[in-house]
Amino acid sequence: MSSSNGKVKLSEKGLLTPDNCVVALIDHQPQMLFGVSNFDRQTIINNTVALAKATQVFDVPVVLTTVETKSFSGNIWPQIKAVFPGRDPIERSSMNSWTTRTSSRAIERTGRKKIVWAGLWTETCIALPTIQALHDGYEVYVVEDACETLASLVTTTR
């Protein structure tokens with residue numbers, strides 16, 4: 001059996017394959033990286049670039065999205081831009097990428113029901129769209145080595 005790109009379609013058996021998933025890279029931007037403190041920043045960049053390059057090797061569709069590039073966050077990392085030259089990320093003003101219709105529609109248009117997220121901050125880039133994508137019938141997978149948390153920035157007082 002062949003897929004639409006002429007390659008032999010892999011047997012799914014419930015697993016992720018290049019034929020059944022879409023990767024979304026969310027908010028890998030310079031100002032967003034400043035909030036990262038519990039993981040080495042260069043390692044996050046390297047892991048995200050490796051994921052981006054893997055999507056190219058395996059011909060997996062990718063949705064790139066950024067938030068508030070001009071007013072706060074800056075452009076997508078140049079290392080990611082180099083993997084996808086000439087491709088502009090979907091610009092958002094909402095922290096939840098799923099509520100920006102151009103972003104969620106880009107995923108819907110792939111026809112794939114398994115989403116592989118890599119978003120810089122798990123609390124917003126991952127958690128918020130995941131809740132809605134699950135509600136909309138998608139399976140969600142997270143590449144945690146290409147994500148980070150702000151948990152170390154949160155302090156509690158008694």
# chains A, B, ... in the order shown; residues from 1 in each chain; ligands from 1
$ residues_around --residues "Cys125 in chain A" --least-positions-apart "3" --cutoff "10 Å" --atoms "only C-alpha atoms" --output "list of chain:residue names"
A:Leu25, A:Ile26, A:Asp27, A:His28, A:Thr66, A:Val67, A:Met95, A:Asn96, A:Ser97, A:Trp98, A:Trp117, A:Ala118, A:Gly119, A:Leu120, A:Trp121, A:Thr122, A:Leu128, A:Pro129, A:Thr130, A:Cys147, A:Glu148, A:Thr149
$ write_last_selection --atoms "N, CA and C atoms" --output "compact mmCIF listing (two decimals), in the first residue's frame"
# COMPACT_ATOMS: atom_id res chain seq x y z
N LEU A 25 5.60 22.84 16.10
CA LEU A 25 6.64 23.52 16.87
C LEU A 25 6.07 24.86 17.31
N ILE A 26 5.95 25.02 18.63
CA ILE A 26 5.22 26.16 19.18
C ILE A 26 6.14 27.06 20.01
N ASP A 27 6.25 28.30 19.59
CA ASP A 27 6.88 29.37 20.37
C ASP A 27 8.35 29.15 20.71
N HIS A 28 9.10 28.59 19.79
CA HIS A 28 10.55 28.48 19.99
C HIS A 28 11.16 29.81 19.55
N THR A 66 4.26 30.99 16.15
CA THR A 66 4.92 31.92 17.07
C THR A 66 3.87 32.85 17.68
N VAL A 67 4.26 33.47 18.79
CA VAL A 67 3.36 34.39 19.47
C VAL A 67 4.03 35.75 19.61
N MET A 95 -1.99 33.05 23.64
CA MET A 95 -1.03 32.08 24.15
C MET A 95 -1.43 30.65 23.80
N ASN A 96 -2.69 30.40 23.56
CA ASN A 96 -3.18 29.07 23.22
C ASN A 96 -3.21 28.93 21.70
N SER A 97 -2.29 28.14 21.17
CA SER A 97 -2.20 28.02 19.71
C SER A 97 -3.44 27.38 19.09
N TRP A 98 -4.18 26.60 19.85
CA TRP A 98 -5.38 25.96 19.29
C TRP A 98 -6.50 26.96 19.06
N TRP A 117 3.51 17.49 19.71
CA TRP A 117 3.78 18.86 20.12
C TRP A 117 5.23 18.99 20.59
N ALA A 118 5.83 20.11 20.27
CA ALA A 118 7.06 20.57 20.91
C ALA A 118 6.84 22.06 21.11
N GLY A 119 6.65 22.46 22.34
CA GLY A 119 6.38 23.85 22.64
C GLY A 119 7.25 24.29 23.78
N LEU A 120 7.74 25.49 23.71
CA LEU A 120 8.77 25.90 24.65
C LEU A 120 8.32 25.85 26.10
N TRP A 121 7.13 26.30 26.41
CA TRP A 121 6.65 26.27 27.80
C TRP A 121 5.52 25.26 27.91
N THR A 122 5.72 24.23 28.71
CA THR A 122 4.70 23.19 28.83
C THR A 122 3.39 23.73 29.42
N LEU A 128 -2.41 24.04 27.16
CA LEU A 128 -3.66 24.66 26.67
C LEU A 128 -4.14 24.05 25.35
N PRO A 129 -3.31 23.96 24.30
CA PRO A 129 -3.84 23.35 23.07
C PRO A 129 -4.12 21.86 23.21
N THR A 130 -3.41 21.19 24.11
CA THR A 130 -3.65 19.75 24.30
C THR A 130 -5.06 19.49 24.79
N CYS A 147 10.88 20.81 24.97
CA CYS A 147 9.97 21.67 25.74
C CYS A 147 10.66 22.03 27.06
N GLU A 148 10.07 22.95 27.75
CA GLU A 148 10.57 23.34 29.07
C GLU A 148 9.40 23.81 29.91
N THR A 149 9.67 23.95 31.14
CA THR A 149 8.64 24.39 32.08
C THR A 149 9.08 25.66 32.77
$ residues_around --residues "Pro18 in chain A" --least-positions-apart "2" --cutoff "9 Å" --atoms "only C-alpha atoms" --output "list in words"
Lys9, Leu10, Leu16, Asn20, Cys21, Val22, Thr55, Phe58, Asp59, Val60 and Pro61 of chain A
$ closest_residue --among "A:Thr48, A:Thr65, A:Gln79, A:Ser73" --to "Ser104 in chain A" --atoms "only C-alpha atoms"
A:Thr65
$ residues_around --residues "Gln29 in chain A" --least-positions-apart "3" --cutoff "6 Å" --atoms "only C-alpha atoms" --output "number ranges by chain"
A: 32, 73-77
$ write_last_selection --atoms "N, CA and C atoms" --output "short mmCIF file (atom, residue, chain, number, x, y, z; two decimals), in the first residue's frame"
data_model
loop_
_atom_site.label_atom_id
_atom_site.label_comp_id
_atom_site.auth_asym_id
_atom_site.auth_seq_id
_atom_site.Cartn_x
_atom_site.Cartn_y
_atom_site.Cartn_z
N MET A 32 11.10 33.94 24.76
CA MET A 32 10.46 32.86 25.51
C MET A 32 11.51 31.97 26.18
N SER A 73 8.14 38.47 21.84
CA SER A 73 8.88 37.21 21.82
C SER A 73 10.01 37.10 20.82
N GLY A 74 10.00 37.91 19.77
CA GLY A 74 11.02 37.79 18.73
C GLY A 74 10.68 36.70 17.73
N ASN A 75 11.44 36.65 16.66
CA ASN A 75 11.20 35.67 15.60
C ASN A 75 11.59 34.26 16.04
N ILE A 76 11.10 33.29 15.30
CA ILE A 76 11.46 31.90 15.57
C ILE A 76 12.99 31.77 15.53
N TRP A 77 13.52 30.87 16.32
CA TRP A 77 14.99 30.71 16.38
C TRP A 77 15.56 30.54 14.97
#
$ closest_residue --among "A:Leu64, A:Ile115, A:Ala127, A:Ala106" --to "Ala52 in chain A" --atoms "only C-alpha atoms"
A:Leu64
$ residues_around --residues "Thr102 in chain A" --least-positions-apart "6" --cutoff "10 Å" --atoms "only C-alpha atoms" --output "JSON, numbers by chain"
{"A": [65, 90, 91, 92, 108]}
$ closest_residue --among "A:Tyr141, A:Pro85, A:Leu134, A:Asp19" --to "Gly111 in chain A" --atoms "only C-alpha atoms"
A:Asp19
$ closest_residue --among "A:Val62, A:Lys53, A:Gln132, A:Val116" --to "Thr100 in chain A" --atoms "only C-alpha atoms"
A:Gln132
$ select_by_dssp --residues "range 85-149 of chain A" --states "strand (DSSP E or B)" --output "PyMOL selection string"
chain A and resi 90-92+114-119+121+139-142+148
